[in-house]
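Step one of this worksheet: look at the structure below.
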Amino acid sequence: MQGRMIAIVGPSGVGKDTVMAALQKSRPDLSLVKRHITRSPESIGEDHYALSSEEFSKAVDQQKFVLSWTAHGLLYGVSHEAIQKLCRGQDMLINLSRNMLEEADDVFDRLIVINLTAPKDVLLSRLE
């Protein structure tokens, strides 16, 4: 049986990475999906595979991604390899764009969505 893909969604600054880390700490059997992002490998934040825009476009052309999208001027991709544990029945966590939920629902048979929210002033203070 395929594992569950647990998508954590919400606006920037809401604490998606913090919630994902806490979930993984309490459930070590959960795997984190490592995304491909056109962001510097030295950037602060989530662990990711850094790609140039050209490398990303080539990967899209070669159909390397099961999902890909643009957000905040960056390109994001989830490779077929990144989700192999789902096929072995393992549950996985992914930081996903809300705009990708419909497509993700088509891709993942067992998608669970956790939508995080916070007051606008809290989000603004976290992003400063």
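All residue names refer to the structure tokens as shown: chains lettered A, B, ... in order, residues numbered from 1 in each chain, ligands numbered from 1 in order.
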
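Taking range 2-58 of chain A and asking which residues DSSP calls alpha helix (DSSP H) on the backbone, you get Lys16, Asp17, Thr18, Val19, Met20, Ala21, Ala22, Leu23, Gln24, Lys25, Ser26, Ser53, Glu54, Glu55, Phe56, Ser57 and Lys58 of chain A.
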
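Here the residues within range 40-69 of chain A that DSSP labels strand (DSSP E) on the basis of the backbone are Tyr49, Ala50, Phe65, Val66, Leu67, Ser68 and Trp69 of chain A.
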
Please save C-alpha atoms of the selected residues as a PDB file, in the first residue's frame.
```pdb
ATOM      1  CA  TYR A  49      18.858  20.562  -3.825  1.00  0.00           C
ATOM      2  CA  ALA A  50      20.042  23.864  -5.320  1.00  0.00           C
ATOM      3  CA  PHE A  65       9.740  16.121 -11.479  1.00  0.00           C
ATOM      4  CA  VAL A  66       6.426  14.705 -10.352  1.00  0.00           C
ATOM      5  CA  LEU A  67       5.463  18.273  -9.336  1.00  0.00           C
ATOM      6  CA  SER A  68       6.983  21.662 -10.178  1.00  0.00           C
ATOM      7  CA  TRP A  69       5.872  25.236  -9.558  1.00  0.00           C
TER       8      TRP A  69
END
```

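Among the candidates A:Glu103, A:His72, A:Leu86, A:Leu32, the residue lying nearest to Ser12 in chain A is A:His72 (atoms considered: only C-alpha atoms).
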
- Looking at A:Leu124, A:Lys16, A:Phe108, A:Arg88, which one is nearest to Ser31 in chain A, with distances taken over only C-alpha atoms?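 The shortest atom-to-atom distance to Ser31 in chain A comes from A:Arg88.
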
- Query: Which neighbours of Pro11 in chain A fall inside 10 Å, counting only C-alpha atoms, when residues of the same chain fewer than 3 positions from it are skipped, and could you give them as a PyMOL selection string?
  - Reply: chain A and resi 14-16+97-98+115-118+120+123

- Query: For Asn99 in chain A, which residue among A:Gly10, A:Leu51, A:Glu128, A:Ile114 is the nearest when counting only C-alpha atoms?
  - Reply: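 Of A:Gly10, A:Leu51, A:Glu128, A:Ile114, the one nearest Asn99 in chain A is A:Gly10, counting only C-alpha atoms.
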
Name all residues at most 12 Å from Glu81 in chain A (count only C-alpha atoms; drop same-chain ones fewer than 6 positions away) and give them as an mmCIF file with N, CA and C atoms, in the first residue's frame.
```cif
data_model
loop_
_atom_site.group_PDB
_atom_site.id
_atom_site.type_symbol
_atom_site.label_atom_id
_atom_site.label_comp_id
_atom_site.auth_asym_id
_atom_site.auth_seq_id
_atom_site.Cartn_x
_atom_site.Cartn_y
_atom_site.Cartn_z
ATOM 1 N N VAL A 33 10.409 15.259 2.345
ATOM 2 C CA VAL A 33 10.688 15.362 0.921
ATOM 3 C C VAL A 33 11.666 16.518 0.734
ATOM 4 N N LYS A 34 12.812 16.221 0.143
ATOM 5 C CA LYS A 34 13.814 17.249 -0.150
ATOM 6 C C LYS A 34 13.538 17.780 -1.557
ATOM 7 N N ARG A 35 13.207 19.076 -1.625
ATOM 8 C CA ARG A 35 12.806 19.674 -2.894
ATOM 9 C C ARG A 35 14.007 20.222 -3.663
ATOM 10 N N HIS A 36 13.851 20.364 -4.970
ATOM 11 C CA HIS A 36 14.813 21.049 -5.830
ATOM 12 C C HIS A 36 14.331 22.495 -5.931
ATOM 13 N N GLN A 63 11.401 15.587 -17.683
ATOM 14 C CA GLN A 63 10.323 15.030 -16.853
ATOM 15 C C GLN A 63 10.855 14.376 -15.574
ATOM 16 N N LYS A 64 11.807 15.056 -14.937
ATOM 17 C CA LYS A 64 12.405 14.544 -13.696
ATOM 18 C C LYS A 64 11.520 14.800 -12.480
ATOM 19 N N PHE A 65 10.561 15.730 -12.621
ATOM 20 C CA PHE A 65 9.740 16.121 -11.479
ATOM 21 C C PHE A 65 8.326 15.561 -11.576
ATOM 22 N N VAL A 66 7.820 15.124 -10.442
ATOM 23 C CA VAL A 66 6.426 14.705 -10.352
ATOM 24 C C VAL A 66 5.548 15.943 -10.144
ATOM 25 N N LEU A 67 6.121 16.976 -9.524
ATOM 26 C CA LEU A 67 5.463 18.273 -9.336
ATOM 27 C C LEU A 67 6.506 19.367 -9.524
ATOM 28 N N CYS A 87 6.089 4.700 -2.240
ATOM 29 C CA CYS A 87 5.786 3.429 -2.920
ATOM 30 C C CYS A 87 6.056 2.228 -2.024
#
```

- Message: Set the distance at 12 Å and use only C-alpha atoms: which residues neighbour Gln24 in chain A once local chain neighbours fewer than 6 positions away are removed? I'd like the list as JSON, numbers by chain.
- Response: {"A": [6, 17, 18, 30, 31, 32, 33, 91, 92, 93, 94]}

- Item | For Ser53 in chain A: contacts at 7 Å, only C-alpha atoms, fewer than 3 positions along chain excluded, given as a ChimeraX atom specification | /A:38,56-57

- Query: How many Å separate CA of Gly89 in chain A from CA of Thr70 in chain A?
  - Reply: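 Going from CA of Gly89 in chain A over to CA of Thr70 in chain A covers 28.9 Å.
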
- Pick out the residues sitting within 7 Å of Asn95 in chain A, and hand them over as a ChimeraX atom specification; count only C-alpha atoms, and ignore anything fewer than 6 positions along from it in its own chain. /A:7-9,16

Could those selected residues go to a file with N, CA and C atoms, as a PDB file, in the first residue's frame?
```pdb
ATOM      1  N   ALA A   7       1.022  17.040   3.270  1.00  0.00           N
ATOM      2  CA  ALA A   7       1.418  18.348   2.758  1.00  0.00           C
ATOM      3  C   ALA A   7       1.167  19.409   3.820  1.00  0.00           C
ATOM      4  N   ILE A   8       2.217  20.138   4.156  1.00  0.00           N
ATOM      5  CA  ILE A   8       2.111  21.258   5.083  1.00  0.00           C
ATOM      6  C   ILE A   8       2.075  22.516   4.226  1.00  0.00           C
ATOM      7  N   VAL A   9       0.993  23.285   4.345  1.00  0.00           N
ATOM      8  CA  VAL A   9       0.830  24.486   3.527  1.00  0.00           C
ATOM      9  C   VAL A   9       0.515  25.680   4.417  1.00  0.00           C
ATOM     10  N   LYS A  16       5.956  26.561   8.794  1.00  0.00           N
ATOM     11  CA  LYS A  16       5.838  25.232   8.175  1.00  0.00           C
ATOM     12  C   LYS A  16       7.035  24.341   8.507  1.00  0.00           C
TER      13      LYS A  16
END
```
